[in-house]
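Engineer: Let me begin by handing over the structure; questions about it come next.
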Amino acid sequence: MNGIAQEKIIFTGPVGAGKTSAIAAISDAPPVRTDVACQGGERAIKATTTVAMDYSYIQLDDGRRVHLYGTPGQARFDFMWELLTRNGLGLVLLINNDHPEPLQQLDFYLDAFADFIRETGVVIGVTRMGIADRARLDDYQARLFERGQVYPVFEIDGRRGEDVRILVQALLAVLTI
Amino acid sequence: MSNEAELRISPVGLDATGHKVLQVVLALLREEDGIPCGLLADGDASGHLVIVDMDSPQGRAAFTALAAGQVKLLLGGPPASGRNIVSLAKPVNVNALRDMLGRICRRMRDQLEASVHDLPAPADTGSSAAATPDLLTLLGNARREGAILALAIDGKDLLLVNGALRVFAAMVEDAETRLFAAKPETLVSRPLEARTFEALTQQRTLGALDNLLWECALHVEPDRLPPGIGEETPVRLKAWPNFTRQGFRNDYFRIAAALARQPASCAQLVEITGLDRRSVVGFISACDAVELLVALPPAGADPEKVTPLHKAASPERRGLLARLAQRLGLAQA
């Protein structure tokens, strides 16, 4: 892979939100992953986590590829986010509802990617709903409304291709309407 | 405008001061704003528009029995919005009530002039409550009030609804189909205790009440806009529907994306999206049922500003995105 391709969709979100699974659910090849052991508190969430990025692609019928990049989950790797998003098509933000403060995670990522979202578009998938029920989908909708942002936000299972396709379908609608 | 098109307004549970304010406002609407409107006797809930004092026991009791076709203006009580409902905080003054009533009446009058027969039929005069609520109204009220109830036809419970938990349980296999097809007068609802609901549904799968409301709105009147929303009424999307768990048509993504970008009327949405009116009406009805829409005054500025979301994609990118949609087996987004 020479450099970061331009025809790309970025998947972001905190550790354990399901970015790798979501990419795998719709891509044409298993994601290429760079994993190392987690440090500190992150160990409780996953035994290993992505510290560089996930990568895969969808092959179009004209030979072009739409590249799918998963950002590193941890905020300390945020220096990579700008590089990854440069000239990207749009953002898929996955939030793990099992996180102790999922709505703050939502705020954090929307703020962190605000410029990219303004230039393109975002769709939000909330994973692991029903496990902890820390927040209902209404709470996410209300938080977005408070922020003055009517972004698509859906409950998803990142392992289900159909759910991920619906996320992408909403993103495409947002980008093309 | 003929007398037939006069808007009848029902006051329910208003105190003496509330009555005086309302009488002054109606006089101003008639004489200065040119809106023909008449006031019914207190407690006669048969009007096109019902003004309910939610701080009074009479108002709260009557509210749950009002018909779906009636527009409700709630004074006091917790803030409420949604299908056919607007609320106004108390104390109510003449200017605020005149402004609110004026906007509602103009919208209703437009509908009335377009087709008198399309207006929701008022209930029988003299009744303290309106006609039998339809399924959508019953479910919507349960959701809004956190009520727990059983819905039956011919003495058989078909559905148990817990509005507080926003869930329901079908008690027979084809409960939804039968309820969607049922005439309102055949529906019987009765309140349930929380523990009764729990006991009766222990062995049953619970569904999301919003999903049921969504489907109900799409089935009941798929070609008609909800009462209170006319062809030219701008609506604003408060949030996207949860498409991964609610039935959708591919068209709905485009409509939601358009409405998320800016408020628009049904007619404008048909133009913006290039979709057929039936799709747009279905989407508006379903979103209204789960309170995802806010109806705005005609040509009025939205007081709650929604920030611009993003830039539109370039033509080259649109081509790429279309190919991606095709590749993923999605309808053209």
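The way I read the labels, and the way they are meant: chains A, B, ... in the order of the structure tokens, residue 1 as the first residue of every chain, and ligand 1 as the first ligand shown, with later ones counted on from there.
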Starting from chain A, keep only residues with some atom at most 10 Å from an atom of chain B, counting only C-alpha atoms, and report them as a ChimeraX atom specification.
Structural biologist: /A:7,26-27,58-62,64-66,89-90,114-122,125,137-138,140-142,144-157,162-177
Engineer: Apply DSSP to the backbone of this structure and, from chain A, keep only the residues in strand (DSSP E); write these as a VMD selection string.
Structural biologist: chain A and resid 8 to 12 35 to 37 48 to 50 54 to 59 65 to 70 90 to 96 122 to 127 153 to 155
Engineer: Determine which residues of stretch 119-191 of chain B DSSP labels as helix (DSSP H, G or I) from the backbone of this structure, then write them out as a VMD selection string.
Structural biologist: chain B and resid 135 to 145 175 to 181 184 to 186
Engineer: Residues of the last selection are to be written out with N, CA and C atoms, as a PDB file, in the first residue's frame.
Structural biologist:
```pdb
ATOM      1  N   LEU B 135     -56.099   2.812  16.665  1.00  0.00           N
ATOM      2  CA  LEU B 135     -54.955   2.084  17.206  1.00  0.00           C
ATOM      3  C   LEU B 135     -53.741   2.998  17.370  1.00  0.00           C
ATOM      4  N   LEU B 136     -53.500   3.820  16.359  1.00  0.00           N
ATOM      5  CA  LEU B 136     -52.330   4.697  16.412  1.00  0.00           C
ATOM      6  C   LEU B 136     -52.418   5.650  17.598  1.00  0.00           C
ATOM      7  N   THR B 137     -53.616   6.171  17.849  1.00  0.00           N
ATOM      8  CA  THR B 137     -53.794   7.087  18.973  1.00  0.00           C
ATOM      9  C   THR B 137     -53.594   6.356  20.300  1.00  0.00           C
ATOM     10  N   LEU B 138     -54.158   5.165  20.402  1.00  0.00           N
ATOM     11  CA  LEU B 138     -54.015   4.402  21.644  1.00  0.00           C
ATOM     12  C   LEU B 138     -52.546   4.094  21.936  1.00  0.00           C
ATOM     13  N   LEU B 139     -51.842   3.652  20.917  1.00  0.00           N
ATOM     14  CA  LEU B 139     -50.433   3.322  21.115  1.00  0.00           C
ATOM     15  C   LEU B 139     -49.613   4.575  21.408  1.00  0.00           C
ATOM     16  N   GLY B 140     -49.922   5.642  20.671  1.00  0.00           N
ATOM     17  CA  GLY B 140     -49.200   6.902  20.878  1.00  0.00           C
ATOM     18  C   GLY B 140     -49.431   7.463  22.274  1.00  0.00           C
ATOM     19  N   ASN B 141     -50.672   7.403  22.732  1.00  0.00           N
ATOM     20  CA  ASN B 141     -50.968   7.893  24.081  1.00  0.00           C
ATOM     21  C   ASN B 141     -50.257   7.053  25.137  1.00  0.00           C
ATOM     22  N   ALA B 142     -50.249   5.738  24.931  1.00  0.00           N
ATOM     23  CA  ALA B 142     -49.571   4.858  25.898  1.00  0.00           C
ATOM     24  C   ALA B 142     -48.090   5.192  25.977  1.00  0.00           C
ATOM     25  N   ARG B 143     -47.489   5.442  24.828  1.00  0.00           N
ATOM     26  CA  ARG B 143     -46.065   5.784  24.788  1.00  0.00           C
ATOM     27  C   ARG B 143     -45.814   7.095  25.511  1.00  0.00           C
ATOM     28  N   ARG B 144     -46.650   8.081  25.202  1.00  0.00           N
ATOM     29  CA  ARG B 144     -46.456   9.429  25.738  1.00  0.00           C
ATOM     30  C   ARG B 144     -46.684   9.463  27.247  1.00  0.00           C
ATOM     31  N   GLU B 145     -47.670   8.699  27.706  1.00  0.00           N
ATOM     32  CA  GLU B 145     -48.048   8.776  29.119  1.00  0.00           C
ATOM     33  C   GLU B 145     -47.430   7.661  29.958  1.00  0.00           C
ATOM     34  N   ALA B 175     -51.366 -10.894  15.733  1.00  0.00           N
ATOM     35  CA  ALA B 175     -51.941  -9.759  16.463  1.00  0.00           C
ATOM     36  C   ALA B 175     -51.816  -8.449  15.679  1.00  0.00           C
ATOM     37  N   GLU B 176     -50.625  -8.177  15.165  1.00  0.00           N
ATOM     38  CA  GLU B 176     -50.408  -6.901  14.495  1.00  0.00           C
ATOM     39  C   GLU B 176     -51.281  -6.784  13.243  1.00  0.00           C
ATOM     40  N   THR B 177     -51.319  -7.857  12.460  1.00  0.00           N
ATOM     41  CA  THR B 177     -52.124  -7.826  11.233  1.00  0.00           C
ATOM     42  C   THR B 177     -53.587  -7.554  11.559  1.00  0.00           C
ATOM     43  N   ARG B 178     -54.085  -8.226  12.566  1.00  0.00           N
ATOM     44  CA  ARG B 178     -55.495  -8.054  12.916  1.00  0.00           C
ATOM     45  C   ARG B 178     -55.762  -6.650  13.455  1.00  0.00           C
ATOM     46  N   LEU B 179     -54.853  -6.167  14.252  1.00  0.00           N
ATOM     47  CA  LEU B 179     -55.064  -4.829  14.818  1.00  0.00           C
ATOM     48  C   LEU B 179     -54.974  -3.743  13.746  1.00  0.00           C
ATOM     49  N   PHE B 180     -54.040  -3.891  12.830  1.00  0.00           N
ATOM     50  CA  PHE B 180     -53.895  -2.884  11.778  1.00  0.00           C
ATOM     51  C   PHE B 180     -55.159  -2.825  10.907  1.00  0.00           C
ATOM     52  N   ALA B 181     -55.795  -3.981  10.753  1.00  0.00           N
ATOM     53  CA  ALA B 181     -56.975  -4.027   9.887  1.00  0.00           C
ATOM     54  C   ALA B 181     -58.265  -3.688  10.630  1.00  0.00           C
ATOM     55  N   PRO B 184     -61.678   1.155  14.422  1.00  0.00           N
ATOM     56  CA  PRO B 184     -61.487   1.670  15.786  1.00  0.00           C
ATOM     57  C   PRO B 184     -62.585   1.237  16.746  1.00  0.00           C
ATOM     58  N   GLU B 185     -63.821   1.185  16.261  1.00  0.00           N
ATOM     59  CA  GLU B 185     -64.924   0.873  17.183  1.00  0.00           C
ATOM     60  C   GLU B 185     -64.887  -0.570  17.684  1.00  0.00           C
ATOM     61  N   THR B 186     -64.091  -1.413  17.020  1.00  0.00           N
ATOM     62  CA  THR B 186     -63.997  -2.799  17.488  1.00  0.00           C
ATOM     63  C   THR B 186     -62.866  -2.994  18.512  1.00  0.00           C
TER      64      THR B 186
END
```
Engineer: Tell me which protein, DNA and RNA residues are within 12 Å of A:Ile10, counting only C-alpha atoms, leaving out same-chain ones fewer than 6 positions away, and put them as a PyMOL selection string.
Structural biologist: chain A and resi 4+19-20+22-23+53-57+66-72+80-94+113+116-117+120-124+168+171
Engineer: Work out how far apart atom CA of B:Arg103 and atom CA of B:Leu225 are and give it in Å to one decimal.
Structural biologist: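 It comes out at 18.2 Å.
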Engineer: In Å, rounded to a single decimal, give me how far atom CA of B:Ile284 is from atom CA of B:Asp134.
Structural biologist: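 Going from atom CA of B:Asp134 over to atom CA of B:Ile284 covers 18.4 Å.
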Engineer: Neighbouring residues of A:Ala135 were defined as those with any atom within 9 Å, considering only C-alpha atoms; residues of the same chain fewer than 2 positions away were excluded. Please report them as a PDB file with N, CA and C atoms, in the first residue's frame.
Structural biologist:
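The new file selection.pdb reads:
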```pdb
ATOM      1  N   ASN A  97     -21.927   0.965  23.473  1.00  0.00           N
ATOM      2  CA  ASN A  97     -22.863   1.367  24.526  1.00  0.00           C
ATOM      3  C   ASN A  97     -22.511   0.747  25.871  1.00  0.00           C
ATOM      4  N   ASP A  98     -21.588  -0.179  25.845  1.00  0.00           N
ATOM      5  CA  ASP A  98     -21.153  -0.810  27.077  1.00  0.00           C
ATOM      6  C   ASP A  98     -20.101   0.034  27.804  1.00  0.00           C
ATOM      7  N   GLU A 101     -19.283   5.716  29.851  1.00  0.00           N
ATOM      8  CA  GLU A 101     -19.859   7.021  29.493  1.00  0.00           C
ATOM      9  C   GLU A 101     -19.995   7.145  27.979  1.00  0.00           C
ATOM     10  N   PRO A 102     -20.937   6.423  27.407  1.00  0.00           N
ATOM     11  CA  PRO A 102     -21.008   6.372  25.939  1.00  0.00           C
ATOM     12  C   PRO A 102     -21.344   7.726  25.300  1.00  0.00           C
ATOM     13  N   LEU A 103     -22.145   8.541  25.969  1.00  0.00           N
ATOM     14  CA  LEU A 103     -22.517   9.814  25.349  1.00  0.00           C
ATOM     15  C   LEU A 103     -21.335  10.780  25.326  1.00  0.00           C
ATOM     16  N   MET A 129     -25.841  -2.551  22.344  1.00  0.00           N
ATOM     17  CA  MET A 129     -27.031  -2.081  23.055  1.00  0.00           C
ATOM     18  C   MET A 129     -27.707  -3.308  23.643  1.00  0.00           C
ATOM     19  N   ALA A 132     -25.558  -3.404  28.369  1.00  0.00           N
ATOM     20  CA  ALA A 132     -25.461  -2.579  29.576  1.00  0.00           C
ATOM     21  C   ALA A 132     -26.638  -1.614  29.699  1.00  0.00           C
ATOM     22  N   ASP A 133     -27.185  -1.228  28.544  1.00  0.00           N
ATOM     23  CA  ASP A 133     -28.261  -0.248  28.536  1.00  0.00           C
ATOM     24  C   ASP A 133     -27.914   1.008  29.321  1.00  0.00           C
ATOM     25  N   LEU A 137     -31.217   4.512  22.598  1.00  0.00           N
ATOM     26  CA  LEU A 137     -30.997   5.237  21.348  1.00  0.00           C
ATOM     27  C   LEU A 137     -31.569   6.652  21.457  1.00  0.00           C
ATOM     28  N   ASP A 138     -32.682   6.783  22.179  1.00  0.00           N
ATOM     29  CA  ASP A 138     -33.266   8.113  22.411  1.00  0.00           C
ATOM     30  C   ASP A 138     -32.239   9.077  23.001  1.00  0.00           C
ATOM     31  N   ASP A 139     -31.406   8.537  23.892  1.00  0.00           N
ATOM     32  CA  ASP A 139     -30.421   9.409  24.549  1.00  0.00           C
ATOM     33  C   ASP A 139     -29.391   9.923  23.537  1.00  0.00           C
ATOM     34  N   TYR A 140     -29.025   9.065  22.611  1.00  0.00           N
ATOM     35  CA  TYR A 140     -28.086   9.504  21.561  1.00  0.00           C
ATOM     36  C   TYR A 140     -28.755  10.544  20.667  1.00  0.00           C
TER      37      TYR A 140
END
```
